[in-house]
Number of protein chains: 2
Amino acid sequence: MPNPPTKINTNEIAQNFLNKFDTFLFDCDGVIWSGNRLLPNVKEFLEKLRHLGKQFMFITNKSTIPRKQFVEVFKSFDIEISIDQVINSAYSSAMYVRDVLKLQPGKDKVWVFGECGIPEELNLMGFKTLGGVDPRLNEPFDAATSPFLVDGLDEDVRAVVAGFDSKINYHKLAVTLQYLLKDKEIPLVGADADRVFPERGRVLPGAGPMVESLAFQSGKVPTYCGKPTMNMLNVIVSSKHLDKSRCCMVGDIMEVDIAFGKNGNLGGTLLVLSGVETEKSLQEPKEGIPTPDFYAENLGAIYNLLK
Amino acid sequence: MPNPPTKINTNEIAQNFLNKFDTFLFDCDGVIWSGNRLLPNVKEFLEKLRHLGKQFMFITNKSTIPRKQFVEVFKSFDIEISIDQVINSAYSSAMYVRDVLKLQPGKDKVWVFGECGIPEELNLMGFKTLGGVDPRLNEPFDAATSPFLVDGLDEDVRAVVAGFDSKINYHKLAVTLQYLLKDKEIPLVGADADRVFPERGRVLPGAGPMVESLAFQSGKVPTYCGKPTMNMLNVIVSSKHLDKSRCCMVGDIMEVDIAFGKNGNLGGTLLVLSGVETEKSLQEPKEGIPTPDFYAENLGAIYNLLK
């Protein structure tokens, strides 16, 4: 039996927590912000870490925007970060296509189901992409007239990458299926398997249900590249030289963020209750879902203890 | 090992086939019609059956229109049938809600993800429905302004029924999720689990991937009411008094239609190759998928043998 999670609720526990780690890997939604609102004292907490010489990165399953746009979002909250502090599932999916599937930029193409993050990260690597946010996909679907079908499928497409799409529609599902069935070798790469994400006190459908829907209709087993998979960790490890034992994963979803830290043998994990999970989900953990080493109401609460 | 399927390719085999059965249960799409085109000699084949005193019904997983609209479709092909010759998955889902879930018409409400077949069949039984083809669901989703969320969820909703929706969008997925998570007891009823359906030489995504997507995001296990489930067969058996040993299921998908006939211990099964399956899928059956007793190119080919 693992130890029960330690609640960070005194200055001493907060200090000890910080001392155990050199690098903090933060999830964003439900940890740093909620919807488009920065959570209280997050900026101050990050400044404190910077002041203490700690390193930090943002590891997010949000694939809808490219990394450079995350930098802009942080900037809008008056927080300066660099692009190499961000690894999202759009980027890890693109890395997987290039480095694991060994597709060739400039030659092989990728069909995308998802928003602009995935095609932009793939384009940056030199891959031509089809689908994604092409506005013609927003037209009602007709198999006889869809511009993606009338001239046949693009023979150079060698993979399908799928992520969250808030404009999911039948045209996108139907054409994506044609590419998945085009040939047995075409893999289905899922940006992330998140079932839901938090917004305004609710949970809303995530990327996972969309990718699983494509998997069900095509009979293909998706390979996911977001948390909690090791495809995501490999991208971090290959781009940084981290001492994993001195890394802490901070997130709001046990089956995603905490599982990521545990699967990856990171030094520690912190769950914050400012997103999907509640104190109740900690007390009644689901089978097979790891519990965190530490938990706190939110990052601001830890900051307040450190003052 | 079951016997290999008998190909109906002589007058004698065709006569023997007809003599074995009193009742024929036909799938529609890929058997009677393909898209909006009646398949050749289907009308003549049905007239032949009528002439021989055979009974026949149409058992379809298409939930997008109510039974009475099927009667109209047949009429448009100059084929007269009665409403009680049609059982579709919208009707079997409504029957399941009333007779198995024991929801009370006039009191309990149902949230629908799907087209008009499901709400119309439920309404006919006296159930009030929400969702479905409500045009407000076609507006872009915003959790703060969705008319389905601003005043809270309807407390009288006791079940979610989901089927194929060619206008699938995020608004529908997101509100359906709220109803599924409203309380632990709310069941997810799936009209049918069809992965794909045939159209113009392609296969397109079916209801199954949509229901499975809702299942994945909510963590609920769907109960399906279409073929090949016994929920569908129970509806047929309870409305007709059939000698199952003299019934033949005729369809174009092995894992749906032929499995339905086999699971239900019907007297026989006929696969036609005018829909999803090809001669190749018969020669290379997938594990766990039953093979038919008989097969033929299409119903018209049998008719031609009988002339």
# chains A, B, ... in the order shown; residues from 1 in each chain; ligands from 1
$ interface_residues --of "chain A" --to "chain B" --cutoff "7 Å" --atoms "only C-alpha atoms" --output "ChimeraX atom specification"
/A:166-170,174,195-196,204-205,209-210,212-214,216-217
$ write_last_selection --atoms "N, CA and C atoms" --output "compact mmCIF listing (two decimals), in the first residue's frame"
# COMPACT_ATOMS: atom_id res chain seq x y z
N SER A 166 -13.43 21.23 -31.11
CA SER A 166 -14.70 21.78 -30.62
C SER A 166 -15.68 21.98 -31.77
N LYS A 167 -15.21 21.84 -32.99
CA LYS A 167 -16.10 21.92 -34.17
C LYS A 167 -16.25 20.55 -34.81
N ILE A 168 -16.22 19.52 -33.99
CA ILE A 168 -16.43 18.15 -34.49
C ILE A 168 -17.71 18.11 -35.31
N ASN A 169 -17.64 17.45 -36.46
CA ASN A 169 -18.85 17.27 -37.27
C ASN A 169 -18.72 16.00 -38.10
N TYR A 170 -19.79 15.67 -38.80
CA TYR A 170 -19.81 14.40 -39.51
C TYR A 170 -18.88 14.40 -40.72
N ALA A 174 -16.28 11.48 -41.19
CA ALA A 174 -16.42 10.59 -42.36
C ALA A 174 -15.14 10.57 -43.20
N ARG A 195 -10.66 12.14 -21.00
CA ARG A 195 -12.11 11.93 -21.15
C ARG A 195 -12.84 13.27 -21.11
N VAL A 196 -12.44 14.11 -20.19
CA VAL A 196 -13.14 15.38 -19.95
C VAL A 196 -12.14 16.45 -19.56
N LEU A 204 -16.47 18.91 -19.34
CA LEU A 204 -16.91 18.87 -20.74
C LEU A 204 -16.12 17.79 -21.48
N PRO A 205 -16.67 17.27 -22.57
CA PRO A 205 -16.00 16.17 -23.30
C PRO A 205 -14.62 16.56 -23.81
N PRO A 209 -12.81 10.91 -26.06
CA PRO A 209 -14.02 10.37 -26.69
C PRO A 209 -14.02 10.53 -28.21
N MET A 210 -13.36 11.56 -28.72
CA MET A 210 -13.32 11.77 -30.17
C MET A 210 -12.37 10.75 -30.82
N GLU A 212 -11.45 7.89 -29.52
CA GLU A 212 -12.01 6.55 -29.34
C GLU A 212 -13.14 6.29 -30.33
N SER A 213 -13.87 7.33 -30.69
CA SER A 213 -14.91 7.20 -31.69
C SER A 213 -14.29 6.81 -33.04
N LEU A 214 -13.20 7.46 -33.40
CA LEU A 214 -12.49 7.11 -34.64
C LEU A 214 -11.94 5.69 -34.57
N PHE A 216 -13.21 3.21 -32.80
CA PHE A 216 -14.33 2.26 -32.86
C PHE A 216 -14.80 2.08 -34.30
N GLN A 217 -14.91 3.16 -35.03
CA GLN A 217 -15.44 3.04 -36.40
C GLN A 217 -14.46 2.41 -37.37
$ residues_around --residues "Ile87 (chain B)" --least-positions-apart "2" --cutoff "10 Å" --atoms "only C-alpha atoms" --output "number ranges by chain"
B: 25, 27, 57-63, 66-67, 70, 83-85, 89-92, 226, 232-233, 235-236, 239
$ residues_around --residues "region 6-11 of chain B" --least-positions-apart "4" --cutoff "8 Å" --atoms "only C-alpha atoms" --output "list in words"
Gln15, Asp293, Phe294, Tyr295, Ala296, Ile302, Leu305 and Leu306 of chain B
$ atom_distance --atom1 "CA of Gly267 (chain A)" --atom2 "CA of Asn304 (chain A)"
23.9 Å
$ closest_residue --among "B:Ala94, B:Val161, B:Ile13, B:Leu18" --to "Cys247 (chain B)" --atoms "only C-alpha atoms"
B:Leu18
$ select_by_dssp --residues "region 100-156 of chain B" --states "strand (DSSP E or B)" --output "PyMOL selection string"
chain B and resi 109-113+128-131
$ select_by_dssp --residues "region 184-303 of chain A" --states "alpha helix (DSSP H)" --output "PyMOL selection string"
chain A and resi 207-218+230-239+259-263+279-283+299-303
$ residues_around --residues "Val160 (chain B)" --least-positions-apart "4" --cutoff "8 Å" --atoms "only C-alpha atoms" --output "PDB file with all heavy atoms, in the first residue's frame"
ATOM      1  N   VAL B 110     -36.932  11.969 -21.231  1.00  0.00           N
ATOM      2  CA  VAL B 110     -35.759  11.330 -21.817  1.00  0.00           C
ATOM      3  C   VAL B 110     -34.949  12.375 -22.575  1.00  0.00           C
ATOM      4  O   VAL B 110     -35.517  13.154 -23.355  1.00  0.00           O
ATOM      5  CB  VAL B 110     -36.180  10.187 -22.777  1.00  0.00           C
ATOM      6  CG1 VAL B 110     -34.956   9.553 -23.431  1.00  0.00           C
ATOM      7  CG2 VAL B 110     -37.009   9.134 -22.042  1.00  0.00           C
ATOM      8  N   TRP B 111     -33.636  12.421 -22.328  1.00  0.00           N
ATOM      9  CA  TRP B 111     -32.746  13.249 -23.137  1.00  0.00           C
ATOM     10  C   TRP B 111     -32.313  12.424 -24.342  1.00  0.00           C
ATOM     11  O   TRP B 111     -31.885  11.275 -24.181  1.00  0.00           O
ATOM     12  CB  TRP B 111     -31.518  13.714 -22.352  1.00  0.00           C
ATOM     13  CG  TRP B 111     -30.570  14.475 -23.250  1.00  0.00           C
ATOM     14  CD1 TRP B 111     -29.527  13.973 -23.935  1.00  0.00           C
ATOM     15  CD2 TRP B 111     -30.647  15.877 -23.589  1.00  0.00           C
ATOM     16  NE1 TRP B 111     -28.930  14.966 -24.686  1.00  0.00           N
ATOM     17  CE2 TRP B 111     -29.597  16.139 -24.492  1.00  0.00           C
ATOM     18  CE3 TRP B 111     -31.496  16.917 -23.216  1.00  0.00           C
ATOM     19  CZ2 TRP B 111     -29.372  17.404 -25.027  1.00  0.00           C
ATOM     20  CZ3 TRP B 111     -31.258  18.178 -23.750  1.00  0.00           C
ATOM     21  CH2 TRP B 111     -30.214  18.414 -24.642  1.00  0.00           C
ATOM     22  N   VAL B 112     -32.422  13.020 -25.533  1.00  0.00           N
ATOM     23  CA  VAL B 112     -32.095  12.294 -26.763  1.00  0.00           C
ATOM     24  C   VAL B 112     -30.882  12.911 -27.449  1.00  0.00           C
ATOM     25  O   VAL B 112     -30.810  14.132 -27.641  1.00  0.00           O
ATOM     26  CB  VAL B 112     -33.290  12.300 -27.738  1.00  0.00           C
ATOM     27  CG1 VAL B 112     -32.912  11.620 -29.058  1.00  0.00           C
ATOM     28  CG2 VAL B 112     -34.499  11.597 -27.114  1.00  0.00           C
ATOM     29  N   PHE B 113     -29.936  12.067 -27.825  1.00  0.00           N
ATOM     30  CA  PHE B 113     -28.868  12.419 -28.758  1.00  0.00           C
ATOM     31  C   PHE B 113     -29.189  11.649 -30.025  1.00  0.00           C
ATOM     32  O   PHE B 113     -29.108  10.420 -30.022  1.00  0.00           O
ATOM     33  CB  PHE B 113     -27.503  12.009 -28.195  1.00  0.00           C
ATOM     34  CG  PHE B 113     -26.359  12.276 -29.146  1.00  0.00           C
ATOM     35  CD1 PHE B 113     -25.568  13.397 -28.994  1.00  0.00           C
ATOM     36  CD2 PHE B 113     -26.085  11.406 -30.203  1.00  0.00           C
ATOM     37  CE1 PHE B 113     -24.523  13.657 -29.871  1.00  0.00           C
ATOM     38  CE2 PHE B 113     -25.054  11.665 -31.093  1.00  0.00           C
ATOM     39  CZ  PHE B 113     -24.270  12.792 -30.919  1.00  0.00           C
ATOM     40  N   THR B 176     -25.338  16.310 -23.527  1.00  0.00           N
ATOM     41  CA  THR B 176     -25.623  14.895 -23.245  1.00  0.00           C
ATOM     42  C   THR B 176     -24.757  14.403 -22.090  1.00  0.00           C
ATOM     43  O   THR B 176     -25.238  13.687 -21.199  1.00  0.00           O
ATOM     44  CB  THR B 176     -25.395  14.036 -24.515  1.00  0.00           C
ATOM     45  OG1 THR B 176     -26.198  14.559 -25.576  1.00  0.00           O
ATOM     46  CG2 THR B 176     -25.768  12.587 -24.261  1.00  0.00           C
ATOM     47  N   TYR B 179     -26.191  15.349 -18.726  1.00  0.00           N
ATOM     48  CA  TYR B 179     -27.301  14.477 -18.299  1.00  0.00           C
ATOM     49  C   TYR B 179     -26.799  13.106 -17.849  1.00  0.00           C
ATOM     50  O   TYR B 179     -27.296  12.537 -16.882  1.00  0.00           O
ATOM     51  CB  TYR B 179     -28.372  14.363 -19.395  1.00  0.00           C
ATOM     52  CG  TYR B 179     -29.341  15.520 -19.318  1.00  0.00           C
ATOM     53  CD1 TYR B 179     -29.270  16.591 -20.195  1.00  0.00           C
ATOM     54  CD2 TYR B 179     -30.301  15.573 -18.307  1.00  0.00           C
ATOM     55  CE1 TYR B 179     -30.137  17.678 -20.087  1.00  0.00           C
ATOM     56  CE2 TYR B 179     -31.170  16.647 -18.187  1.00  0.00           C
ATOM     57  CZ  TYR B 179     -31.086  17.694 -19.074  1.00  0.00           C
ATOM     58  OH  TYR B 179     -31.932  18.766 -18.937  1.00  0.00           O
ATOM     59  N   LEU B 180     -25.793  12.587 -18.542  1.00  0.00           N
ATOM     60  CA  LEU B 180     -25.258  11.276 -18.139  1.00  0.00           C
ATOM     61  C   LEU B 180     -24.611  11.347 -16.764  1.00  0.00           C
ATOM     62  O   LEU B 180     -24.657  10.382 -15.997  1.00  0.00           O
ATOM     63  CB  LEU B 180     -24.241  10.784 -19.177  1.00  0.00           C
ATOM     64  CG  LEU B 180     -24.857  10.304 -20.490  1.00  0.00           C
ATOM     65  CD1 LEU B 180     -23.780  10.097 -21.540  1.00  0.00           C
ATOM     66  CD2 LEU B 180     -25.637   9.005 -20.264  1.00  0.00           C
ATOM     67  N   ILE B 186     -28.741   7.308 -14.044  1.00  0.00           N
ATOM     68  CA  ILE B 186     -29.195   7.602 -15.409  1.00  0.00           C
ATOM     69  C   ILE B 186     -28.532   6.642 -16.403  1.00  0.00           C
ATOM     70  O   ILE B 186     -27.315   6.661 -16.555  1.00  0.00           O
ATOM     71  CB  ILE B 186     -28.871   9.056 -15.797  1.00  0.00           C
ATOM     72  CG1 ILE B 186     -29.618  10.000 -14.873  1.00  0.00           C
ATOM     73  CG2 ILE B 186     -29.157   9.297 -17.288  1.00  0.00           C
ATOM     74  CD1 ILE B 186     -30.534  10.973 -15.524  1.00  0.00           C
ATOM     75  N   PRO B 187     -29.323   5.805 -17.080  1.00  0.00           N
ATOM     76  CA  PRO B 187     -28.706   4.859 -18.010  1.00  0.00           C
ATOM     77  C   PRO B 187     -28.444   5.487 -19.378  1.00  0.00           C
ATOM     78  O   PRO B 187     -29.135   6.417 -19.793  1.00  0.00           O
ATOM     79  CB  PRO B 187     -29.757   3.752 -18.129  1.00  0.00           C
ATOM     80  CG  PRO B 187     -31.058   4.434 -17.861  1.00  0.00           C
ATOM     81  CD  PRO B 187     -30.779   5.617 -16.965  1.00  0.00           C
ATOM     82  N   LEU B 188     -27.449   4.945 -20.063  1.00  0.00           N
ATOM     83  CA  LEU B 188     -27.165   5.306 -21.455  1.00  0.00           C
ATOM     84  C   LEU B 188     -27.702   4.185 -22.340  1.00  0.00           C
ATOM     85  O   LEU B 188     -27.180   3.063 -22.316  1.00  0.00           O
ATOM     86  CB  LEU B 188     -25.660   5.491 -21.663  1.00  0.00           C
ATOM     87  CG  LEU B 188     -25.182   5.679 -23.114  1.00  0.00           C
ATOM     88  CD1 LEU B 188     -25.839   6.876 -23.788  1.00  0.00           C
ATOM     89  CD2 LEU B 188     -23.648   5.820 -23.162  1.00  0.00           C
ATOM     90  N   VAL B 189     -28.770   4.498 -23.068  1.00  0.00           N
ATOM     91  CA  VAL B 189     -29.376   3.526 -23.975  1.00  0.00           C
ATOM     92  C   VAL B 189     -28.885   3.850 -25.381  1.00  0.00           C
ATOM     93  O   VAL B 189     -29.050   4.980 -25.847  1.00  0.00           O
ATOM     94  CB  VAL B 189     -30.922   3.622 -23.913  1.00  0.00           C
ATOM     95  CG1 VAL B 189     -31.556   2.629 -24.892  1.00  0.00           C
ATOM     96  CG2 VAL B 189     -31.419   3.388 -22.491  1.00  0.00           C
TER      97      VAL B 189
END
$ atom_distance --atom1 "CA of Phe45 (chain A)" --atom2 "CA of Thr269 (chain A)"
17.0 Å
$ closest_residue --among "B:Leu273, B:Val237, B:Leu282, B:Val221" --to "Gly300 (chain B)" --atoms "only C-alpha atoms"
B:Leu273
$ residues_around --residues "Ser34 (chain B)" --least-positions-apart "5" --cutoff "10 Å" --atoms "only C-alpha atoms" --output "ChimeraX atom specification"
/B:28-29,39,197-201,274-275
$ residues_around --residues "Asp183 (chain B)" --least-positions-apart "6" --cutoff "12 Å" --atoms "only C-alpha atoms" --output "number ranges by chain"
B: 153-160, 177, 218, 220
$ write_last_selection --atoms "C-alpha atoms" --output "compact mmCIF listing (two decimals), in the first residue's frame"
# COMPACT_ATOMS: atom_id res chain seq x y z
CA LEU B 153 -30.71 20.38 -16.00
CA ASP B 154 -34.27 19.05 -16.15
CA GLU B 155 -34.75 17.03 -13.00
CA ASP B 156 -37.34 14.76 -14.61
CA VAL B 157 -34.91 13.30 -17.13
CA ARG B 158 -34.41 9.65 -16.18
CA ALA B 159 -32.59 8.23 -19.21
CA VAL B 160 -30.42 9.19 -22.14
CA LEU B 177 -22.60 14.41 -20.99
CA SER B 218 -19.16 9.48 -19.09
CA LYS B 220 -21.19 4.58 -18.49
$ residues_around --residues "Glu279 (chain A)" --least-positions-apart "5" --cutoff "12 Å" --atoms "only C-alpha atoms" --output "short mmCIF file (atom, residue, chain, number, x, y, z; two decimals) with N, CA and C atoms, in the first residue's frame"
data_model
loop_
_atom_site.label_atom_id
_atom_site.label_comp_id
_atom_site.auth_asym_id
_atom_site.auth_seq_id
_atom_site.Cartn_x
_atom_site.Cartn_y
_atom_site.Cartn_z
N PRO A 5 -1.77 10.37 0.56
CA PRO A 5 -1.21 11.65 0.13
C PRO A 5 -1.07 12.62 1.30
N LYS A 7 -1.30 16.24 2.69
CA LYS A 7 -1.91 17.53 2.36
C LYS A 7 -0.93 18.65 2.70
N ASP A 252 -4.22 18.21 -12.14
CA ASP A 252 -5.54 18.19 -11.51
C ASP A 252 -6.34 16.93 -11.80
N ILE A 253 -5.75 15.99 -12.58
CA ILE A 253 -6.49 14.75 -12.90
C ILE A 253 -5.61 13.55 -12.55
N MET A 254 -6.12 12.71 -11.67
CA MET A 254 -5.30 11.59 -11.20
C MET A 254 -4.95 10.63 -12.31
N LEU A 271 -1.24 16.76 -6.55
CA LEU A 271 -2.57 16.97 -7.11
C LEU A 271 -3.13 18.27 -6.54
N VAL A 272 -3.64 19.13 -7.43
CA VAL A 272 -4.36 20.32 -6.96
C VAL A 272 -5.85 20.12 -7.22
N LEU A 273 -6.66 20.67 -6.33
CA LEU A 273 -8.11 20.44 -6.40
C LEU A 273 -8.83 21.61 -7.09
N SER A 274 -8.07 22.33 -7.92
CA SER A 274 -8.66 23.48 -8.63
C SER A 274 -9.19 23.09 -10.01
N GLU A 284 -11.83 8.30 -2.28
CA GLU A 284 -12.38 7.09 -2.89
C GLU A 284 -11.69 6.84 -4.23
N PRO A 285 -10.40 6.52 -4.18
CA PRO A 285 -9.67 6.35 -5.44
C PRO A 285 -10.23 5.17 -6.23
N THR A 291 -2.71 7.35 -6.60
CA THR A 291 -2.95 8.55 -5.80
C THR A 291 -1.66 9.36 -5.74
N PRO A 292 -1.78 10.66 -5.52
CA PRO A 292 -0.58 11.52 -5.54
C PRO A 292 0.21 11.41 -4.23
N TYR A 295 -1.07 16.73 -2.01
CA TYR A 295 -2.18 17.45 -2.61
C TYR A 295 -2.39 18.77 -1.90
N ALA A 296 -3.04 19.70 -2.62
CA ALA A 296 -3.31 21.04 -2.07
C ALA A 296 -4.54 21.57 -2.77
N GLU A 297 -5.21 22.54 -2.15
CA GLU A 297 -6.39 23.12 -2.78
C GLU A 297 -6.06 23.67 -4.16
N ASN A 298 -4.97 24.42 -4.23
CA ASN A 298 -4.53 25.02 -5.49
C ASN A 298 -3.13 25.57 -5.28
#
$ closest_residue --among "A:Thr223, A:Ser245, A:Thr229, A:Asn88" --to "Ile65 (chain A)" --atoms "only C-alpha atoms"
A:Asn88
$ atom_distance --atom1 "CA of Leu101 (chain B)" --atom2 "CA of Gly131 (chain B)"
19.7 Å
$ closest_residue --among "A:Asn41, A:Asn3, A:Ser146, A:Ser93" --to "Tyr303 (chain A)" --atoms "only C-alpha atoms"
A:Asn41
$ closest_residue --among "B:Thr64, B:Thr278, B:Ser82, B:Thr145" --to "Pro119 (chain B)" --atoms "only C-alpha atoms"
B:Thr64
$ closest_residue --among "A:Gly261, A:Lys182, A:Gly35, A:Thr23" --to "Gly152 (chain A)" --atoms "only C-alpha atoms"
A:Lys182
